[in-house]
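*Asks:* My file is my_file-v9.csv. It has CSV, N, CA and C atoms:
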chain,number,residue,atom,x,y,z
A,1,MET,N,24.9,-152.3,145.0
A,1,MET,CA,25.1,-151.3,144.0
A,1,MET,C,26.5,-151.4,143.5
A,2,ASN,N,26.7,-151.4,142.2
A,2,ASN,CA,28.0,-151.5,141.6
A,2,ASN,C,28.7,-150.1,141.7
A,3,ARG,N,29.9,-150.1,142.1
A,3,ARG,CA,30.7,-148.9,142.1
A,3,ARG,C,31.6,-148.9,140.9
A,4,ASN,N,31.8,-147.7,140.3
A,4,ASN,CA,32.6,-147.6,139.1
A,4,ASN,C,33.9,-146.8,139.4
A,5,TYR,N,34.9,-147.2,138.7
A,5,TYR,CA,36.2,-146.5,138.8
A,5,TYR,C,36.8,-146.2,137.4
A,6,LEU,N,37.6,-145.2,137.4
A,6,LEU,CA,38.3,-144.8,136.1
A,6,LEU,C,39.8,-145.1,136.3
A,7,GLY,N,40.3,-145.9,135.3
A,7,GLY,CA,41.7,-146.2,135.3
A,7,GLY,C,42.4,-145.5,134.2
A,8,ILE,N,43.6,-144.9,134.5
A,8,ILE,CA,44.3,-144.1,133.6
A,8,ILE,C,45.8,-144.5,133.6
A,9,ASP,N,46.3,-144.8,132.4
A,9,ASP,CA,47.7,-145.1,132.2
A,9,ASP,C,48.3,-144.1,131.3
A,10,ILE,N,49.2,-143.2,131.8
A,10,ILE,CA,49.9,-142.2,130.9
A,10,ILE,C,51.2,-142.8,130.5
A,11,GLY,N,51.3,-143.1,129.2
A,11,GLY,CA,52.5,-143.6,128.6
A,11,GLY,C,53.2,-142.6,127.8
A,12,GLY,N,54.2,-143.1,127.1
A,12,GLY,CA,55.0,-142.2,126.2
A,12,GLY,C,54.3,-141.8,125.0
A,13,THR,N,53.5,-142.6,124.4
A,13,THR,CA,52.9,-142.3,123.1
A,13,THR,C,51.3,-142.4,123.2
A,14,PHE,N,50.8,-143.0,124.2
A,14,PHE,CA,49.3,-143.1,124.4
A,14,PHE,C,48.9,-142.9,125.8
A,15,ILE,N,47.7,-142.4,126.0
A,15,ILE,CA,47.0,-142.4,127.3
A,15,ILE,C,45.9,-143.5,127.2
A,16,LYS,N,46.0,-144.5,128.0
A,16,LYS,CA,45.0,-145.5,128.0
A,16,LYS,C,44.0,-145.3,129.2
A,17,LEU,N,42.7,-145.4,128.8
A,17,LEU,CA,41.6,-145.2,129.8
A,17,LEU,C,40.7,-146.4,129.9
A,18,GLY,N,40.2,-146.6,131.1
A,18,GLY,CA,39.3,-147.8,131.2
A,18,GLY,C,38.3,-147.5,132.3
A,19,LEU,N,37.1,-148.0,132.1
A,19,LEU,CA,36.0,-148.0,133.1
A,19,LEU,C,36.0,-149.3,133.8
A,20,VAL,N,36.1,-149.4,135.1
A,20,VAL,CA,36.2,-150.6,135.8
A,20,VAL,C,35.2,-150.7,136.9
A,21,ASP,N,34.6,-151.9,137.2
A,21,ASP,CA,33.7,-152.0,138.3
A,21,ASP,C,34.3,-152.7,139.5
A,22,ASP,N,33.6,-152.9,140.6
A,22,ASP,CA,34.1,-153.5,141.8
A,22,ASP,C,34.7,-154.8,141.6
A,23,ALA,N,34.2,-155.6,140.7
A,23,ALA,CA,34.7,-157.0,140.4
A,23,ALA,C,36.0,-157.0,139.5
A,24,GLY,N,36.4,-155.8,139.0
A,24,GLY,CA,37.5,-155.7,138.2
A,24,GLY,C,37.2,-155.8,136.7
A,25,ASN,N,35.9,-155.9,136.4
A,25,ASN,CA,35.5,-156.0,135.0
A,25,ASN,C,35.7,-154.6,134.3
A,26,VAL,N,36.4,-154.6,133.1
A,26,VAL,CA,36.6,-153.4,132.3
A,26,VAL,C,35.4,-153.4,131.3
A,27,SER,N,34.6,-152.3,131.4
A,27,SER,CA,33.4,-152.2,130.5
A,27,SER,C,33.7,-151.4,129.3
A,28,LEU,N,34.8,-150.6,129.3
A,28,LEU,CA,35.1,-149.7,128.2
A,28,LEU,C,36.5,-149.3,128.3
A,29,ARG,N,37.2,-149.5,127.1
A,29,ARG,CA,38.7,-149.1,127.0
A,29,ARG,C,38.9,-148.2,125.9
A,30,ARG,N,39.7,-147.2,126.0
A,30,ARG,CA,40.1,-146.3,124.9
A,30,ARG,C,41.5,-145.9,125.0
A,31,GLU,N,42.2,-145.7,123.9
A,31,GLU,CA,43.5,-145.2,123.8
A,31,GLU,C,43.5,-143.8,123.1
A,32,VAL,N,44.2,-142.9,123.7
A,32,VAL,CA,44.3,-141.5,123.1
A,32,VAL,C,45.8,-141.3,122.8
A,33,PRO,N,46.1,-141.0,121.5
A,33,PRO,CA,47.5,-140.8,121.2
A,33,PRO,C,48.0,-139.4,121.7
A,34,ILE,N,49.2,-139.4,122.1
A,34,ILE,CA,49.8,-138.2,122.6
A,34,ILE,C,50.7,-137.6,121.4
A,35,ASP,N,50.3,-136.4,121.0
A,35,ASP,CA,51.0,-135.7,119.9
A,35,ASP,C,52.0,-134.8,120.5
A,36,ARG,N,53.3,-135.2,120.6
A,36,ARG,CA,54.3,-134.4,121.2
A,36,ARG,C,54.7,-133.2,120.3
A,37,SER,N,54.3,-133.2,119.1
A,37,SER,CA,54.7,-132.1,118.2
A,37,SER,C,53.6,-131.0,118.1
A,38,GLY,N,52.4,-131.2,118.7
A,38,GLY,CA,51.3,-130.3,118.6
A,38,GLY,C,51.3,-129.3,119.8
A,39,SER,N,50.3,-128.5,119.8
A,39,SER,CA,50.2,-127.4,120.8
A,39,SER,C,49.5,-127.9,122.0
A,40,GLU,N,48.8,-129.1,122.0
A,40,GLU,CA,48.1,-129.6,123.1
A,40,GLU,C,49.0,-130.2,124.1
A,41,THR,N,48.8,-129.9,125.4
A,41,THR,CA,49.6,-130.5,126.5
A,41,THR,C,49.1,-131.9,126.8
A,42,VAL,N,49.9,-132.7,127.5
A,42,VAL,CA,49.5,-134.0,127.8
A,42,VAL,C,48.2,-133.9,128.7
A,43,MET,N,48.2,-132.9,129.6
A,43,MET,CA,47.0,-132.8,130.5
A,43,MET,C,45.8,-132.5,129.7
A,44,GLU,N,45.9,-131.6,128.6
A,44,GLU,CA,44.8,-131.3,127.8
A,44,GLU,C,44.3,-132.6,127.0
A,45,THR,N,45.3,-133.3,126.5
A,45,THR,CA,45.0,-134.6,125.9
A,45,THR,C,44.3,-135.6,126.8
A,46,LEU,N,44.7,-135.6,128.0
A,46,LEU,CA,44.1,-136.5,129.0
A,46,LEU,C,42.7,-136.1,129.3
A,47,MET,N,42.5,-134.8,129.5
A,47,MET,CA,41.1,-134.3,129.8
A,47,MET,C,40.2,-134.5,128.6
A,48,ARG,N,40.7,-134.3,127.4
A,48,ARG,CA,39.8,-134.6,126.2
A,48,ARG,C,39.4,-136.0,126.2
A,49,GLY,N,40.4,-136.9,126.4
A,49,GLY,CA,40.1,-138.4,126.4
A,49,GLY,C,39.1,-138.8,127.5
A,50,ILE,N,39.3,-138.2,128.7
A,50,ILE,CA,38.3,-138.6,129.7
A,50,ILE,C,36.9,-138.1,129.4
A,51,ASP,N,36.8,-136.8,128.9
A,51,ASP,CA,35.5,-136.3,128.5
A,51,ASP,C,34.8,-137.2,127.4
A,52,ALA,N,35.6,-137.6,126.4
A,52,ALA,CA,35.1,-138.5,125.4
A,52,ALA,C,34.6,-139.8,125.9
A,53,LEU,N,35.4,-140.4,126.8
A,53,LEU,CA,35.1,-141.7,127.4
A,53,LEU,C,33.8,-141.6,128.2
A,54,LEU,N,33.7,-140.6,129.0
A,54,LEU,CA,32.5,-140.4,129.9
A,54,LEU,C,31.3,-140.2,129.0
A,55,ALA,N,31.4,-139.4,128.0
A,55,ALA,CA,30.3,-139.1,127.1
A,55,ALA,C,29.8,-140.4,126.4
A,56,GLU,N,30.8,-141.2,126.0
A,56,GLU,CA,30.4,-142.5,125.3
A,56,GLU,C,29.7,-143.4,126.2
A,57,ALA,N,30.2,-143.5,127.5
A,57,ALA,CA,29.6,-144.4,128.5
A,57,ALA,C,28.3,-143.9,129.1
A,58,GLY,N,28.1,-142.6,128.9
A,58,GLY,CA,26.9,-142.0,129.5
A,58,GLY,C,27.1,-141.7,131.0
A,59,PHE,N,28.3,-141.5,131.4
A,59,PHE,CA,28.7,-141.3,132.8
A,59,PHE,C,29.0,-139.8,133.0
A,60,GLU,N,29.0,-139.4,134.3
A,60,GLU,CA,29.5,-138.1,134.7
A,60,GLU,C,30.6,-138.4,135.8
A,61,ALA,N,31.4,-137.4,136.0
A,61,ALA,CA,32.5,-137.6,137.0
A,61,ALA,C,32.0,-138.0,138.3
A,62,SER,N,30.9,-137.5,138.7
A,62,SER,CA,30.3,-137.9,140.0
A,62,SER,C,29.9,-139.3,140.1
A,63,ASP,N,29.8,-140.1,139.0
A,63,ASP,CA,29.4,-141.5,139.0
A,63,ASP,C,30.6,-142.4,139.5
A,64,PHE,N,31.8,-141.9,139.7
A,64,PHE,CA,32.9,-142.7,140.0
A,64,PHE,C,33.3,-142.7,141.5
A,65,GLU,N,33.6,-143.8,142.0
A,65,GLU,CA,34.0,-144.0,143.4
A,65,GLU,C,35.5,-143.5,143.5
A,66,GLY,N,36.3,-143.7,142.5
A,66,GLY,CA,37.7,-143.3,142.5
A,66,GLY,C,38.3,-143.3,141.2
A,67,ILE,N,39.5,-142.8,141.1
A,67,ILE,CA,40.3,-142.8,139.9
A,67,ILE,C,41.7,-143.3,140.2
A,68,GLY,N,42.3,-144.2,139.4
A,68,GLY,CA,43.6,-144.6,139.6
A,68,GLY,C,44.5,-144.2,138.4
A,69,VAL,N,45.6,-143.6,138.7
A,69,VAL,CA,46.5,-143.1,137.6
A,69,VAL,C,47.9,-143.7,137.7
A,70,SER,N,48.4,-144.2,136.6
A,70,SER,CA,49.8,-144.6,136.6
A,70,SER,C,50.5,-143.9,135.5
A,71,ALA,N,51.8,-143.6,135.8
A,71,ALA,CA,52.6,-142.9,134.8
A,71,ALA,C,54.1,-143.3,135.0
A,72,ALA,N,54.8,-143.7,134.0
A,72,ALA,CA,56.2,-144.0,134.1
A,72,ALA,C,57.1,-142.8,134.0
A,73,GLY,N,58.2,-142.9,134.7
A,73,GLY,CA,59.1,-141.8,134.7
A,73,GLY,C,58.8,-140.7,135.6
A,74,CYS,N,59.5,-139.6,135.4
A,74,CYS,CA,59.3,-138.4,136.2
A,74,CYS,C,58.1,-137.6,135.8
A,75,ILE,N,57.4,-137.0,136.8
A,75,ILE,CA,56.3,-136.2,136.5
A,75,ILE,C,56.5,-134.8,137.1
A,76,ASP,N,56.3,-133.8,136.3
A,76,ASP,CA,56.4,-132.4,136.7
A,76,ASP,C,55.0,-132.0,137.1
A,77,THR,N,54.8,-132.0,138.4
A,77,THR,CA,53.4,-131.6,138.9
A,77,THR,C,53.2,-130.1,138.8
The structure in this file should be written as structure tokens.
*Replies:*
Amino acid sequence: MNRNYLGIDIGGTFIKLGLVDDAGNVSLRREVPIDRSGSETVMETLMRGIDALLAEAGFEASDFEGIGVSAAGCIDT
């Protein structure tokens, strides 16, 4: 059985998302622009991007074995 993972890279201008399998194959990639001048927070942008990616792929959150997140710089948790 193939296990699926969600990869997330939070950058300064884009959030990059990818669906990855056990072999490291990326089946779907998307970039979501971060609008620093708008009212939407980075977390809201991230969640909107994830929801859209999962809907496009026909996946649900429970279909993933794990999630990897990278972010440069300081993060205010």
*Asks:* Quick one, how far is atom CA of A:Asp76 from atom CA of A:Val42?
*Replies:*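 So the two atoms, atom CA of A:Asp76 and atom CA of A:Val42, lie 11.4 Å apart.
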*Asks:* Can you pull out the residues contacting stretch 59-73 of chain A? Cut-off 6 Å, using only C-alpha atoms, and skip same-chain residues under 5 positions away; I want them as a PyMOL selection string.
*Replies:* chain A and resi 4-10+54
*Asks:* How far is it from atom CA of A:Cys74 to atom C of A:Arg29, in Å with one decimal?
*Replies:* 24.9 Å
*Asks:* Quick one, how far is atom CA of A:Asn25 from atom CA of A:Asn2?
*Replies:*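 Separation between atom CA of A:Asn25 and atom CA of A:Asn2: 11.0 Å.
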*Asks:* Based on DSSP run over this structure's backbone, return all residues of chain A in strand (DSSP E or B), as an MDAnalysis selection string.
*Replies:* chainID A and resid 4:10 14:21 26:33 64:71
*Asks:* Restricting the output to N, CA and C atoms, write the selected residues as a short mmCIF file (atom, residue, chain, number, x, y, z; two decimals), in the frame of the given file.
*Replies:*
data_model
loop_
_atom_site.label_atom_id
_atom_site.label_comp_id
_atom_site.auth_asym_id
_atom_site.auth_seq_id
_atom_site.Cartn_x
_atom_site.Cartn_y
_atom_site.Cartn_z
N ASN A 4 31.80 -147.70 140.30
CA ASN A 4 32.60 -147.60 139.10
C ASN A 4 33.90 -146.80 139.40
N TYR A 5 34.90 -147.20 138.70
CA TYR A 5 36.20 -146.50 138.80
C TYR A 5 36.80 -146.20 137.40
N LEU A 6 37.60 -145.20 137.40
CA LEU A 6 38.30 -144.80 136.10
C LEU A 6 39.80 -145.10 136.30
N GLY A 7 40.30 -145.90 135.30
CA GLY A 7 41.70 -146.20 135.30
C GLY A 7 42.40 -145.50 134.20
N ILE A 8 43.60 -144.90 134.50
CA ILE A 8 44.30 -144.10 133.60
C ILE A 8 45.80 -144.50 133.60
N ASP A 9 46.30 -144.80 132.40
CA ASP A 9 47.70 -145.10 132.20
C ASP A 9 48.30 -144.10 131.30
N ILE A 10 49.20 -143.20 131.80
CA ILE A 10 49.90 -142.20 130.90
C ILE A 10 51.20 -142.80 130.50
N PHE A 14 50.80 -143.00 124.20
CA PHE A 14 49.30 -143.10 124.40
C PHE A 14 48.90 -142.90 125.80
N ILE A 15 47.70 -142.40 126.00
CA ILE A 15 47.00 -142.40 127.30
C ILE A 15 45.90 -143.50 127.20
N LYS A 16 46.00 -144.50 128.00
CA LYS A 16 45.00 -145.50 128.00
C LYS A 16 44.00 -145.30 129.20
N LEU A 17 42.70 -145.40 128.80
CA LEU A 17 41.60 -145.20 129.80
C LEU A 17 40.70 -146.40 129.90
N GLY A 18 40.20 -146.60 131.10
CA GLY A 18 39.30 -147.80 131.20
C GLY A 18 38.30 -147.50 132.30
N LEU A 19 37.10 -148.00 132.10
CA LEU A 19 36.00 -148.00 133.10
C LEU A 19 36.00 -149.30 133.80
N VAL A 20 36.10 -149.40 135.10
CA VAL A 20 36.20 -150.60 135.80
C VAL A 20 35.20 -150.70 136.90
N ASP A 21 34.60 -151.90 137.20
CA ASP A 21 33.70 -152.00 138.30
C ASP A 21 34.30 -152.70 139.50
N VAL A 26 36.40 -154.60 133.10
CA VAL A 26 36.60 -153.40 132.30
C VAL A 26 35.40 -153.40 131.30
N SER A 27 34.60 -152.30 131.40
CA SER A 27 33.40 -152.20 130.50
C SER A 27 33.70 -151.40 129.30
N LEU A 28 34.80 -150.60 129.30
CA LEU A 28 35.10 -149.70 128.20
C LEU A 28 36.50 -149.30 128.30
N ARG A 29 37.20 -149.50 127.10
CA ARG A 29 38.70 -149.10 127.00
C ARG A 29 38.90 -148.20 125.90
N ARG A 30 39.70 -147.20 126.00
CA ARG A 30 40.10 -146.30 124.90
C ARG A 30 41.50 -145.90 125.00
N GLU A 31 42.20 -145.70 123.90
CA GLU A 31 43.50 -145.20 123.80
C GLU A 31 43.50 -143.80 123.10
N VAL A 32 44.20 -142.90 123.70
CA VAL A 32 44.30 -141.50 123.10
C VAL A 32 45.80 -141.30 122.80
N PRO A 33 46.10 -141.00 121.50
CA PRO A 33 47.50 -140.80 121.20
C PRO A 33 48.00 -139.40 121.70
N PHE A 64 31.80 -141.90 139.70
CA PHE A 64 32.90 -142.70 140.00
C PHE A 64 33.30 -142.70 141.50
N GLU A 65 33.60 -143.80 142.00
CA GLU A 65 34.00 -144.00 143.40
C GLU A 65 35.50 -143.50 143.50
N GLY A 66 36.30 -143.70 142.50
CA GLY A 66 37.70 -143.30 142.50
C GLY A 66 38.30 -143.30 141.20
N ILE A 67 39.50 -142.80 141.10
CA ILE A 67 40.30 -142.80 139.90
C ILE A 67 41.70 -143.30 140.20
N GLY A 68 42.30 -144.20 139.40
CA GLY A 68 43.60 -144.60 139.60
C GLY A 68 44.50 -144.20 138.40
N VAL A 69 45.60 -143.60 138.70
CA VAL A 69 46.50 -143.10 137.60
C VAL A 69 47.90 -143.70 137.70
N SER A 70 48.40 -144.20 136.60
CA SER A 70 49.80 -144.60 136.60
C SER A 70 50.50 -143.90 135.50
N ALA A 71 51.80 -143.60 135.80
CA ALA A 71 52.60 -142.90 134.80
C ALA A 71 54.10 -143.30 135.00
#
*Asks:* Mind listing the alpha helix (DSSP H) residues of chain A, per DSSP on the backbone, as a list in words?
*Replies:*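 Output for chain A, alpha helix (DSSP H) only: Val42, Met43, Glu44, Thr45, Leu46, Met47, Arg48, Gly49, Ile50, Asp51, Ala52, Leu53, Leu54, Ala55, Glu56 and Ala57 of chain A.
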*Asks:* Using N, CA and C atoms, can you write the selected residues to a file as an mmCIF file, keeping the file's coordinate frame?
*Replies:*
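Heads up, here's the output in out39.cif:
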data_model
loop_
_atom_site.group_PDB
_atom_site.id
_atom_site.type_symbol
_atom_site.label_atom_id
_atom_site.label_comp_id
_atom_site.auth_asym_id
_atom_site.auth_seq_id
_atom_site.Cartn_x
_atom_site.Cartn_y
_atom_site.Cartn_z
ATOM 1 N N VAL A 42 49.900 -132.700 127.500
ATOM 2 C CA VAL A 42 49.500 -134.000 127.800
ATOM 3 C C VAL A 42 48.200 -133.900 128.700
ATOM 4 N N MET A 43 48.200 -132.900 129.600
ATOM 5 C CA MET A 43 47.000 -132.800 130.500
ATOM 6 C C MET A 43 45.800 -132.500 129.700
ATOM 7 N N GLU A 44 45.900 -131.600 128.600
ATOM 8 C CA GLU A 44 44.800 -131.300 127.800
ATOM 9 C C GLU A 44 44.300 -132.600 127.000
ATOM 10 N N THR A 45 45.300 -133.300 126.500
ATOM 11 C CA THR A 45 45.000 -134.600 125.900
ATOM 12 C C THR A 45 44.300 -135.600 126.800
ATOM 13 N N LEU A 46 44.700 -135.600 128.000
ATOM 14 C CA LEU A 46 44.100 -136.500 129.000
ATOM 15 C C LEU A 46 42.700 -136.100 129.300
ATOM 16 N N MET A 47 42.500 -134.800 129.500
ATOM 17 C CA MET A 47 41.100 -134.300 129.800
ATOM 18 C C MET A 47 40.200 -134.500 128.600
ATOM 19 N N ARG A 48 40.700 -134.300 127.400
ATOM 20 C CA ARG A 48 39.800 -134.600 126.200
ATOM 21 C C ARG A 48 39.400 -136.000 126.200
ATOM 22 N N GLY A 49 40.400 -136.900 126.400
ATOM 23 C CA GLY A 49 40.100 -138.400 126.400
ATOM 24 C C GLY A 49 39.100 -138.800 127.500
ATOM 25 N N ILE A 50 39.300 -138.200 128.700
ATOM 26 C CA ILE A 50 38.300 -138.600 129.700
ATOM 27 C C ILE A 50 36.900 -138.100 129.400
ATOM 28 N N ASP A 51 36.800 -136.800 128.900
ATOM 29 C CA ASP A 51 35.500 -136.300 128.500
ATOM 30 C C ASP A 51 34.800 -137.200 127.400
ATOM 31 N N ALA A 52 35.600 -137.600 126.400
ATOM 32 C CA ALA A 52 35.100 -138.500 125.400
ATOM 33 C C ALA A 52 34.600 -139.800 125.900
ATOM 34 N N LEU A 53 35.400 -140.400 126.800
ATOM 35 C CA LEU A 53 35.100 -141.700 127.400
ATOM 36 C C LEU A 53 33.800 -141.600 128.200
ATOM 37 N N LEU A 54 33.700 -140.600 129.000
ATOM 38 C CA LEU A 54 32.500 -140.400 129.900
ATOM 39 C C LEU A 54 31.300 -140.200 129.000
ATOM 40 N N ALA A 55 31.400 -139.400 128.000
ATOM 41 C CA ALA A 55 30.300 -139.100 127.100
ATOM 42 C C ALA A 55 29.800 -140.400 126.400
ATOM 43 N N GLU A 56 30.800 -141.200 126.000
ATOM 44 C CA GLU A 56 30.400 -142.500 125.300
ATOM 45 C C GLU A 56 29.700 -143.400 126.200
ATOM 46 N N ALA A 57 30.200 -143.500 127.500
ATOM 47 C CA ALA A 57 29.600 -144.400 128.500
ATOM 48 C C ALA A 57 28.300 -143.900 129.100
#
*Asks:* Have a look at A:Leu46, A:Leu53, A:Val20, A:Ile15 and name the one nearest to A:Pro33; count only C-alpha atoms.
*Replies:*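 For A:Pro33, the nearest of the candidates is A:Ile15.
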*Asks:* Would you mind listing what lies within 12 Å of A:Met43 as a ChimeraX atom specification, with only C-alpha atoms counted and same-chain residues fewer than 5 positions away left out?
*Replies:* /A:10,15,32,34-36,48-50,75-77
